[in-house]
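upload02.cif, holding mmCIF, C-alpha atoms:
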data_query
loop_
_atom_site.label_atom_id
_atom_site.label_comp_id
_atom_site.auth_asym_id
_atom_site.auth_seq_id
_atom_site.Cartn_x
_atom_site.Cartn_y
_atom_site.Cartn_z
CA SER X 1186 355.79 20.09 72.39
CA ASN X 1187 353.08 19.25 69.86
CA LEU X 1188 355.62 18.91 67.05
CA HIS X 1189 357.13 15.75 65.66
CA GLN X 1190 359.97 15.31 63.19
CA LYS X 1191 359.27 14.11 59.63
CA ARG X 1192 362.17 12.97 57.47
CA ALA X 1193 362.57 14.57 54.05
CA SER X 1194 365.26 14.40 51.44
CA PRO X 1195 368.66 14.84 53.12
CA PRO X 1196 370.15 17.10 54.27
CA GLN X 1197 366.96 19.08 54.99
CA CYS X 1198 364.64 18.41 57.89
CA ARG X 1199 361.10 19.67 58.04
CA PHE X 1200 358.76 19.91 60.96
CA HIS X 1201 354.98 19.60 60.89
CA PRO X 1202 352.44 19.93 63.66
CA ALA X 1203 351.38 16.57 65.05
CA LYS X 1204 347.82 15.53 64.25
CA THR X 1205 345.55 15.53 67.21
CA ILE X 1206 343.57 12.30 67.44
CA THR X 1207 340.18 12.74 68.97
CA LYS X 1208 338.34 9.61 70.03
CA PRO X 1209 334.68 9.59 69.01
CA SER X 1210 332.16 9.74 71.78
CA PRO X 1211 330.76 6.32 72.64
CA ILE X 1212 327.30 5.60 71.23
CA ARG X 1213 324.90 4.83 73.99
CA ASP X 1214 322.37 2.07 73.54
CA HIS X 1215 319.44 4.48 73.49
CA ASP X 1216 321.14 6.55 70.75
CA ARG X 1217 321.87 3.57 68.49
CA ARG X 1218 319.52 3.27 65.51
CA LYS X 1219 318.55 -0.34 65.03
CA ASN X 1220 317.54 -1.59 61.63
CA LEU X 1221 315.03 -4.28 62.53
CA PRO X 1222 312.62 -6.04 60.16
CA LEU X 1223 309.77 -5.73 62.68
CA SER X 1224 308.91 -2.57 64.58
CA PRO X 1225 309.49 -3.46 68.27
CA ASP X 1226 306.34 -1.58 69.28
CA ALA X 1227 304.11 -3.26 66.67
CA PRO X 1228 300.62 -3.82 68.14
CA PHE X 1229 300.66 -7.55 67.31
CA LEU X 1230 303.89 -8.00 69.30
CA GLN X 1231 302.25 -6.28 72.24
CA LYS X 1232 299.14 -8.47 72.00
CA LEU X 1233 301.34 -11.57 71.88
CA GLY X 1234 303.03 -10.41 75.09
CA LEU X 1235 306.48 -9.93 73.56
CA SER X 1236 306.96 -6.15 73.76
CA THR X 1237 305.65 -3.08 75.51
CA SER X 1238 304.10 0.05 73.98
CA ASP X 1239 307.52 1.74 73.94
CA GLY X 1240 309.08 -1.18 72.03
CA LYS X 1241 310.95 -2.80 74.91
CA PRO X 1242 310.85 -6.58 75.42
CA VAL X 1243 308.50 -7.84 78.08
CA PHE X 1244 310.47 -9.29 80.98
CA GLY X 1245 311.58 -12.82 80.13
CA ARG X 1246 310.55 -12.54 76.46
CA ALA X 1247 313.65 -10.88 74.98
CA SER X 1248 314.98 -14.13 73.51
CA LYS X 1249 311.67 -14.94 71.84
CA LEU X 1250 311.43 -11.42 70.41
CA ARG X 1251 315.00 -11.66 69.12
CA GLN X 1252 314.18 -15.03 67.56
CA CYS X 1253 311.20 -13.52 65.73
CA GLN X 1254 313.33 -10.67 64.39
CA ARG X 1255 316.07 -13.02 63.21
CA PHE X 1256 313.61 -15.45 61.62
CA VAL X 1257 311.87 -12.69 59.67
CA GLU X 1258 315.23 -11.23 58.65
CA ILE X 1259 316.29 -14.57 57.11
CA VAL X 1260 312.99 -15.50 55.47
CA GLY X 1261 312.33 -11.93 54.32
CA ALA X 1262 315.65 -11.82 52.49
CA LEU X 1263 314.82 -15.12 50.77
CA VAL X 1264 311.31 -14.05 49.78
CA THR X 1265 312.61 -10.90 48.12
CA SER X 1266 315.62 -12.64 46.51
CA ARG X 1267 316.05 -13.13 42.79
CA ASN X 1268 315.28 -16.39 41.05
CA SER X 1269 318.30 -18.19 39.58
CA ASP X 1270 319.47 -21.63 38.52
CA ASP X 1271 322.72 -23.51 37.99
CA THR X 1272 322.26 -24.41 34.34
CA GLY X 1273 325.28 -22.45 33.18
CA ASN X 1274 323.11 -20.82 30.50
CA GLU X 1275 324.13 -17.18 30.76
CA GLN X 1276 321.16 -15.85 28.81
CA GLN X 1277 318.72 -17.84 30.92
CA HIS X 1278 320.53 -16.79 34.10
CA GLN X 1279 320.26 -13.11 33.14
CA HIS X 1280 316.56 -13.57 32.45
CA ASN X 1281 315.96 -15.26 35.80
CA ALA X 1282 318.02 -12.65 37.62
CA LYS X 1283 315.37 -10.08 36.72
CA GLU X 1284 312.58 -12.09 38.34
CA LEU X 1285 311.75 -12.03 42.01
CA LEU X 1286 311.34 -15.41 43.64
CA PHE X 1287 307.98 -14.17 44.92
CA HIS X 1288 306.46 -11.18 43.14
CA PRO X 1289 304.46 -8.82 45.39
CA GLN X 1290 301.59 -8.65 42.89
CA ASN X 1291 301.00 -12.41 42.97
CA GLU X 1292 299.10 -14.44 45.53
CA LEU X 1293 301.36 -15.86 48.22
CA SER X 1294 300.42 -18.83 50.43
CA VAL X 1295 302.31 -19.39 53.70
CA VAL X 1296 301.75 -22.42 55.95
CA ASP X 1297 303.27 -22.78 59.43
CA MET X 1298 303.14 -26.37 60.67
CA GLY X 1299 303.05 -26.82 64.44
CA CYS X 1300 302.78 -23.06 64.92
CA GLY X 1301 302.12 -23.07 68.68
CA ARG X 1302 301.09 -19.60 69.81
CA GLY X 1303 301.89 -18.24 66.36
CA TYR X 1304 304.75 -15.88 67.18
CA LEU X 1305 306.51 -16.58 63.90
CA THR X 1306 303.27 -16.86 61.90
CA PHE X 1307 302.20 -13.39 63.01
CA SER X 1308 305.71 -12.00 62.49
CA LEU X 1309 306.18 -13.25 58.93
CA HIS X 1310 302.64 -12.29 57.92
CA SER X 1311 303.14 -8.76 59.24
CA TYR X 1312 306.52 -8.41 57.53
CA LEU X 1313 305.14 -9.53 54.15
CA LYS X 1314 302.17 -7.18 54.42
CA ASP X 1315 304.43 -4.26 55.33
CA ASN X 1316 306.67 -5.01 52.33
CA GLY X 1317 304.01 -4.95 49.65
CA TYR X 1318 302.77 -8.56 49.63
CA ASP X 1319 299.14 -7.54 49.97
CA ARG X 1320 297.80 -10.85 48.63
CA VAL X 1321 299.52 -13.03 51.23
CA THR X 1322 297.46 -15.70 52.98
CA SER X 1323 298.96 -17.27 56.10
CA THR X 1324 297.76 -20.41 57.86
CA GLY X 1325 299.04 -21.76 61.17
CA VAL X 1326 298.38 -25.41 62.03
CA GLU X 1327 298.30 -26.37 65.71
CA VAL X 1328 296.97 -29.45 67.50
CA ARG X 1329 295.66 -27.68 70.66
CA GLN X 1330 292.17 -26.30 70.00
CA GLU X 1331 292.21 -23.81 72.89
CA LEU X 1332 295.41 -22.30 71.54
CA VAL X 1333 293.94 -22.10 68.04
CA ASP X 1334 290.90 -20.23 69.38
CA ASP X 1335 293.11 -17.85 71.34
CA VAL X 1336 295.39 -16.84 68.48
CA ASN X 1337 292.49 -16.55 66.02
CA ALA X 1338 290.92 -14.03 68.42
CA LEU X 1339 294.21 -12.13 68.59
CA ALA X 1340 294.43 -12.03 64.79
CA ARG X 1341 290.95 -10.50 64.59
CA GLU X 1342 291.94 -7.87 67.16
CA CYS X 1343 294.98 -6.87 65.09
CA GLY X 1344 292.91 -5.35 62.29
CA ASP X 1345 292.56 -5.62 58.53
CA SER X 1346 296.24 -6.43 57.87
CA PHE X 1347 295.69 -9.76 59.62
CA ALA X 1348 292.36 -10.59 57.96
CA THR X 1349 294.07 -13.24 55.79
CA LEU X 1350 295.84 -14.86 58.75
CA ARG X 1351 294.06 -17.86 60.27
CA PHE X 1352 294.84 -20.77 62.56
CA VAL X 1353 293.37 -24.27 62.28
CA ARG X 1354 293.48 -27.31 64.50
CA GLY X 1355 295.21 -30.49 63.36
CA THR X 1356 298.37 -32.46 62.95
CA VAL X 1357 300.28 -32.42 59.69
CA GLY X 1358 298.95 -35.82 58.68
CA GLU X 1359 295.35 -34.96 59.55
CA TRP X 1360 295.29 -31.51 58.04
CA ILE X 1361 296.86 -32.45 54.73
CA ALA X 1362 293.84 -34.61 53.90
CA ALA X 1363 291.29 -32.03 55.06
CA ALA X 1364 289.20 -29.97 52.68
CA ALA X 1365 290.65 -26.82 54.27
CA ALA X 1366 294.14 -27.63 52.97
CA PRO X 1367 295.27 -25.32 50.13
CA SER X 1368 295.85 -26.74 46.67
CA SER X 1369 299.34 -25.26 46.67
CA VAL X 1370 301.82 -23.79 49.13
CA ASP X 1371 304.49 -21.21 48.31
CA ILE X 1372 306.28 -21.04 51.67
CA LEU X 1373 306.31 -23.83 54.25
CA ILE X 1374 307.72 -23.13 57.71
CA ALA X 1375 307.97 -25.46 60.70
CA LEU X 1376 310.01 -24.46 63.71
CA HIS X 1377 310.63 -26.91 66.53
CA ALA X 1378 308.18 -29.53 65.30
CA CYS X 1379 309.02 -32.48 67.54
CA ASP X 1380 311.02 -35.42 66.12
CA THR X 1381 309.43 -36.83 62.94
CA ALA X 1382 306.82 -34.04 62.78
CA THR X 1383 309.60 -32.10 61.05
CA ASP X 1384 309.78 -34.87 58.42
CA ASP X 1385 306.00 -34.77 57.96
CA SER X 1386 306.22 -31.01 57.43
CA LEU X 1387 309.08 -31.32 54.97
CA PHE X 1388 307.19 -33.86 52.90
CA TYR X 1389 304.09 -31.69 52.97
CA GLY X 1390 306.15 -28.85 51.48
CA ILE X 1391 307.72 -31.13 48.88
CA HIS X 1392 304.41 -32.73 47.96
CA TYR X 1393 302.64 -29.42 47.39
CA GLY X 1394 305.58 -27.91 45.52
CA ALA X 1395 306.60 -25.19 47.99
CA LYS X 1396 309.22 -22.90 46.49
CA LEU X 1397 310.67 -22.15 49.91
CA ILE X 1398 310.87 -24.52 52.89
CA VAL X 1399 312.24 -23.32 56.24
CA VAL X 1400 312.44 -25.64 59.25
CA ALA X 1401 314.22 -25.61 62.58
CA PRO X 1402 314.17 -29.23 63.84
CA CYS X 1403 313.55 -30.14 67.46
CA CYS X 1404 314.47 -33.51 68.99
CA HIS X 1405 315.94 -36.34 66.88
CA LYS X 1406 314.69 -39.45 68.63
CA GLU X 1407 314.11 -41.60 65.53
CA VAL X 1408 317.74 -41.75 64.36
CA ARG X 1409 319.01 -41.89 67.94
CA GLY X 1410 317.10 -45.18 68.27
CA TRP X 1411 319.14 -46.65 65.40
CA LEU X 1412 322.46 -45.28 66.65
CA ASP X 1413 322.41 -46.62 70.20
CA PRO X 1414 322.34 -50.37 69.47
CA PHE X 1415 324.36 -50.19 66.27
CA VAL X 1416 327.51 -48.55 67.63
CA ARG X 1417 327.64 -51.05 70.50
CA ALA X 1418 327.40 -54.06 68.22
CA LYS X 1419 330.43 -56.04 67.09
CA THR X 1420 331.24 -56.31 63.41
CA GLY X 1421 331.41 -59.69 61.68
CA GLY X 1422 335.10 -59.95 62.58
CA GLY X 1423 334.46 -59.26 66.25
CA GLU X 1424 335.67 -55.66 66.00
CA GLU X 1425 333.94 -52.65 67.46
CA HIS X 1426 332.24 -50.16 65.18
CA PRO X 1427 334.76 -47.47 64.05
CA ALA X 1428 332.68 -44.78 65.77
CA TYR X 1429 332.22 -46.68 69.03
CA ASP X 1430 334.63 -44.60 71.12
CA LEU X 1431 333.16 -41.41 69.70
CA LEU X 1432 329.56 -42.40 70.37
CA ARG X 1433 329.84 -44.20 73.67
CA TYR X 1434 329.27 -40.84 75.38
CA GLY X 1435 325.60 -39.90 75.57
CA ILE X 1436 326.13 -36.23 74.76
CA TYR X 1437 328.04 -37.12 71.58
CA ARG X 1438 325.40 -39.65 70.52
CA GLU X 1439 322.78 -36.94 70.92
CA ARG X 1440 324.73 -34.42 68.84
CA THR X 1441 325.57 -37.02 66.21
CA ALA X 1442 321.92 -38.00 65.95
CA GLU X 1443 321.10 -34.35 65.28
CA MET X 1444 323.77 -33.97 62.60
CA VAL X 1445 322.99 -37.27 60.89
CA THR X 1446 319.23 -36.67 60.91
CA ASP X 1447 319.47 -33.19 59.46
CA THR X 1448 322.04 -34.28 56.87
CA ILE X 1449 319.68 -37.06 55.74
CA ARG X 1450 316.93 -34.46 55.44
CA ALA X 1451 319.17 -32.14 53.44
CA LEU X 1452 320.15 -34.91 51.00
CA LEU X 1453 316.53 -35.96 50.57
CA LEU X 1454 315.54 -32.36 49.83
CA GLU X 1455 318.27 -32.23 47.19
CA ILE X 1456 316.90 -35.43 45.64
CA ALA X 1457 313.49 -33.70 45.58
CA GLY X 1458 315.00 -30.82 43.59
CA TYR X 1459 315.91 -28.21 46.21
CA ASN X 1460 319.02 -26.17 46.91
CA VAL X 1461 319.69 -26.62 50.61
CA GLN X 1462 321.52 -24.70 53.33
CA VAL X 1463 321.92 -25.66 56.99
CA PHE X 1464 323.08 -23.05 59.50
CA GLU X 1465 322.67 -21.59 62.99
CA PHE X 1466 319.98 -18.91 62.92
CA VAL X 1467 320.17 -17.65 66.52
CA GLY X 1468 322.86 -17.92 69.16
CA GLY X 1469 322.97 -20.91 71.46
CA GLU X 1470 322.41 -18.64 74.45
CA HIS X 1471 318.83 -18.06 73.26
CA THR X 1472 317.88 -21.65 72.43
CA SER X 1473 319.69 -24.96 71.90
CA LYS X 1474 317.32 -25.69 69.00
CA ASN X 1475 319.01 -23.19 66.74
CA VAL X 1476 319.77 -25.10 63.54
CA MET X 1477 317.81 -24.01 60.49
CA ILE X 1478 317.33 -25.92 57.24
CA VAL X 1479 316.44 -23.73 54.26
CA ALA X 1480 315.45 -25.28 50.93
CA LEU X 1481 314.82 -23.31 47.72
CA LYS X 1482 313.18 -25.07 44.80
CA ASN X 1483 315.42 -25.24 41.75
CA SER X 1484 313.90 -23.54 38.72
CA VAL X 1485 315.58 -26.23 36.60
CA TYR X 1486 315.98 -29.75 37.99
CA ASN X 1487 319.67 -30.55 37.57
CA ILE X 1488 320.46 -32.58 40.69
CA LYS X 1489 322.73 -35.60 40.26
CA VAL X 1490 320.22 -37.92 41.89
CA ASP X 1491 322.20 -41.17 41.66
CA GLU X 1492 325.27 -39.54 43.21
CA THR X 1493 323.24 -37.90 45.98
CA ARG X 1494 321.36 -41.13 46.67
CA ALA X 1495 324.68 -43.02 46.93
CA LYS X 1496 325.91 -40.52 49.53
CA LEU X 1497 322.67 -40.91 51.45
CA ARG X 1498 322.88 -44.69 51.53
CA SER X 1499 326.57 -44.70 52.41
CA MET X 1500 325.99 -42.51 55.46
CA ALA X 1501 322.93 -44.50 56.53
CA CYS X 1502 324.92 -47.73 56.22
CA PHE X 1503 327.78 -46.36 58.32
CA TYR X 1504 325.44 -45.46 61.17
CA GLY X 1505 323.15 -48.48 60.80
CA ILE X 1506 320.07 -46.46 59.88
CA LYS X 1507 317.57 -48.58 57.93
CA ARG X 1508 314.52 -46.33 58.11
CA GLN X 1509 313.88 -42.62 58.35
CA LYS X 1510 310.50 -40.88 58.21
CA LEU X 1511 311.12 -38.45 55.34
CA ALA X 1512 312.82 -41.21 53.33
CA ASP X 1513 309.73 -43.37 53.92
CA TRP X 1514 307.41 -40.62 52.69
CA MET X 1515 309.50 -40.21 49.55
CA GLY X 1516 309.88 -43.95 48.95
CA GLU X 1517 313.67 -43.69 49.23
CA ASP X 1518 315.54 -46.89 50.15
CA LEU X 1519 318.32 -46.31 52.70
CA LEU X 1520 319.65 -49.87 52.24
CA SER X 1521 322.39 -50.01 49.61
CA GLY X 1522 322.25 -53.72 48.78
CA ASP X 1523 319.71 -56.42 47.99
CA ASP X 1524 319.07 -57.13 51.66
CA GLY X 1525 315.87 -55.16 51.80
CA HIS X 1526 313.82 -52.35 50.47
CA VAL X 1527 311.69 -49.66 52.11
CA LYS X 1528 308.08 -50.30 51.28
CA LYS X 1529 306.43 -47.33 49.65
CA MET X 1530 303.54 -45.70 51.40
CA LYS X 1531 300.06 -47.07 50.87
CA LYS X 1532 297.19 -45.00 49.63
CA SER X 1533 296.52 -41.92 51.69
CA SER X 1534 293.91 -41.85 54.40
CA ALA X 1535 292.82 -39.30 56.96
CA ARG X 1536 295.92 -40.15 58.97
CA LYS X 1537 298.44 -40.71 56.18
CA MET X 1538 299.99 -38.48 53.59
CA PRO X 1539 299.62 -39.19 49.87
CA PRO X 1540 302.62 -40.51 47.94
CA LEU X 1541 305.12 -38.05 46.52
CA ILE X 1542 304.08 -36.52 43.23
CA LYS X 1543 306.73 -37.48 40.67
#
Serialized structure, structure tokens:
Amino acid sequence: SNLHQKRASPPQCRFHPAKTITKPSPIRDHDRRKNLPLSPDAPFLQKLGLSTSDGKPVFGRASKLRQCQRFVEIVGALVTSRNSDDTGNEQQHQHNAKELLFHPQNELSVVDMGCGRGYLTFSLHSYLKDNGYDRVTSTGVEVRQELVDDVNALARECGDSFATLRFVRGTVGEWIAAAAAPSSVDILIALHACDTATDDSLFYGIHYGAKLIVVAPCCHKEVRGWLDPFVRAKTGGGEEHPAYDLLRYGIYRERTAEMVTDTIRALLLEIAGYNVQVFEFVGGEHTSKNVMIVALKNSVYNIKVDETRAKLRSMACFYGIKRQKLADWMGEDLLSGDDGHVKKMKKSSARKMPPLIK
């Protein structure tokens, strides 16, 4: 029977037809509408060898295509976000809430340090153009001249939308002193710049007042070099370092070096006046280098610098880290006592960055 009994006020009993539950038909992959920031069949993605004319990933390039989509999704949301601050001034906050962080009518300068083949440079430039940022200028910096020539040719083939996208040869240190360097940068990106090249890129963004800095660090050899001997050393009382048992395993030393390095970078960015977030931007199955550091310039500088600097020095002391590249660029002393100071950078040259603008 398709009837079931429903209790009512005693002594009456009422009967109602049972509701028939119909399971919805499964949605097949080809029927599912995907809301992606980049059209999978975009001509530039085809020219870069990431997708086919029908929008499917080229064999072996699905992870890279997914990385481009995720990167543009994150940065695109930040670019179109509203400006705000933490002053507690309600009237000022309401005023700022009405202002876009980057207004489409204004000029917008994007620099990608260590851009490689330019997958992300092309992707972000295309996204900004498609979303009304007609005055965007994008520059990719890459050390390999043959690669620079190749991607510049691809940009020319992609049409007028990519006329303000260019690639130049150089390292961060070399290019910053070149006449071709812009006087200001709005968005600085650097994904998988090896070891301290990430620090060079971060300082470049800080120095030129970038409102938005987005980096995904690569290897962390510099801090690893401080960790290895320090955790093995005996303390003054002959005791092992508290973290010795944790860090005597190579895999844990590697992961700790990553966490400590990126935390130092985050604290230094806060000292420089940025709001910072650190998170995983793609799954580990696509790449192991999946940590992203995002820094947004505060509209009002209200960072507790002394407190942040104390945290920085305390952590550096615990792990025996006396020097770190970004701290050097910024003239920040990682030593908490009178036993030494980090010498500030000398005057800039063709191979050195200028000192931080205070």
* To do: Might you pull out every residue within 9 Å of Val1476 in chain X, with only C-alpha atoms counted and same-chain residues fewer than 3 positions away left off, and present them as a list of chain:residue names?
  =>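 Contacts, in chain order: X:Val1400, X:Ala1401, X:Pro1402, X:Cys1403, X:Val1463, X:Phe1464, X:Glu1465, X:Phe1466, X:Val1467, X:Ser1473.
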Convert the current residue selection to file output with C-alpha atoms, as a PDB file, keeping the file's coordinate frame.
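Output saved as part38.pdb:
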ATOM      1  CA  VAL X1400     312.440 -25.640  59.250  1.00  0.00           C
ATOM      2  CA  ALA X1401     314.220 -25.610  62.580  1.00  0.00           C
ATOM      3  CA  PRO X1402     314.170 -29.230  63.840  1.00  0.00           C
ATOM      4  CA  CYS X1403     313.550 -30.140  67.460  1.00  0.00           C
ATOM      5  CA  VAL X1463     321.920 -25.660  56.990  1.00  0.00           C
ATOM      6  CA  PHE X1464     323.080 -23.050  59.500  1.00  0.00           C
ATOM      7  CA  GLU X1465     322.670 -21.590  62.990  1.00  0.00           C
ATOM      8  CA  PHE X1466     319.980 -18.910  62.920  1.00  0.00           C
ATOM      9  CA  VAL X1467     320.170 -17.650  66.520  1.00  0.00           C
ATOM     10  CA  SER X1473     319.690 -24.960  71.900  1.00  0.00           C
TER      11      SER X1473
END
* Go through X:Glu1284, X:Asp1518, X:Glu1342, X:Asp1239 and flag the residue nearest Thr1265 in chain X, using all atoms listed in the file for the distances. => X:Glu1284
* **Atom pair CA of Arg1508 in chain X / CA of Glu1492 in chain X: separation (Å)** =>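 Computed distance, CA of Arg1508 in chain X to CA of Glu1492 in chain X, equals 19.6 Å.
Counting only C-alpha atoms, the residue from X:Phe1347, X:Phe1287, X:Phe1256, X:Tyr1312 that sits nearest to Asn1475 in chain X is X:Phe1256.
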Tell me which protein, DNA and RNA residues are within 7 Å of Leu1350 in chain X, counting only C-alpha atoms, leaving out same-chain ones fewer than 5 positions away, and put them as a PDB file with C-alpha atoms, in the coordinates of the input.
ATOM      1  CA  THR X1322     297.460 -15.700  52.980  1.00  0.00           C
ATOM      2  CA  SER X1323     298.960 -17.270  56.100  1.00  0.00           C
ATOM      3  CA  THR X1324     297.760 -20.410  57.860  1.00  0.00           C
ATOM      4  CA  ALA X1340     294.430 -12.030  64.790  1.00  0.00           C
TER       5      ALA X1340
END
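Residues lying at most 12 Å from (334.8, -42.3, 65.0) in file coordinates, with all atoms listed in the file considered, are Val1416, Glu1425, His1426, Pro1427, Ala1428, Tyr1429, Asp1430, Leu1431, Leu1432, Arg1433, Tyr1434, Tyr1437, Arg1438, Thr1441, Phe1503 and Tyr1504 of chain X.
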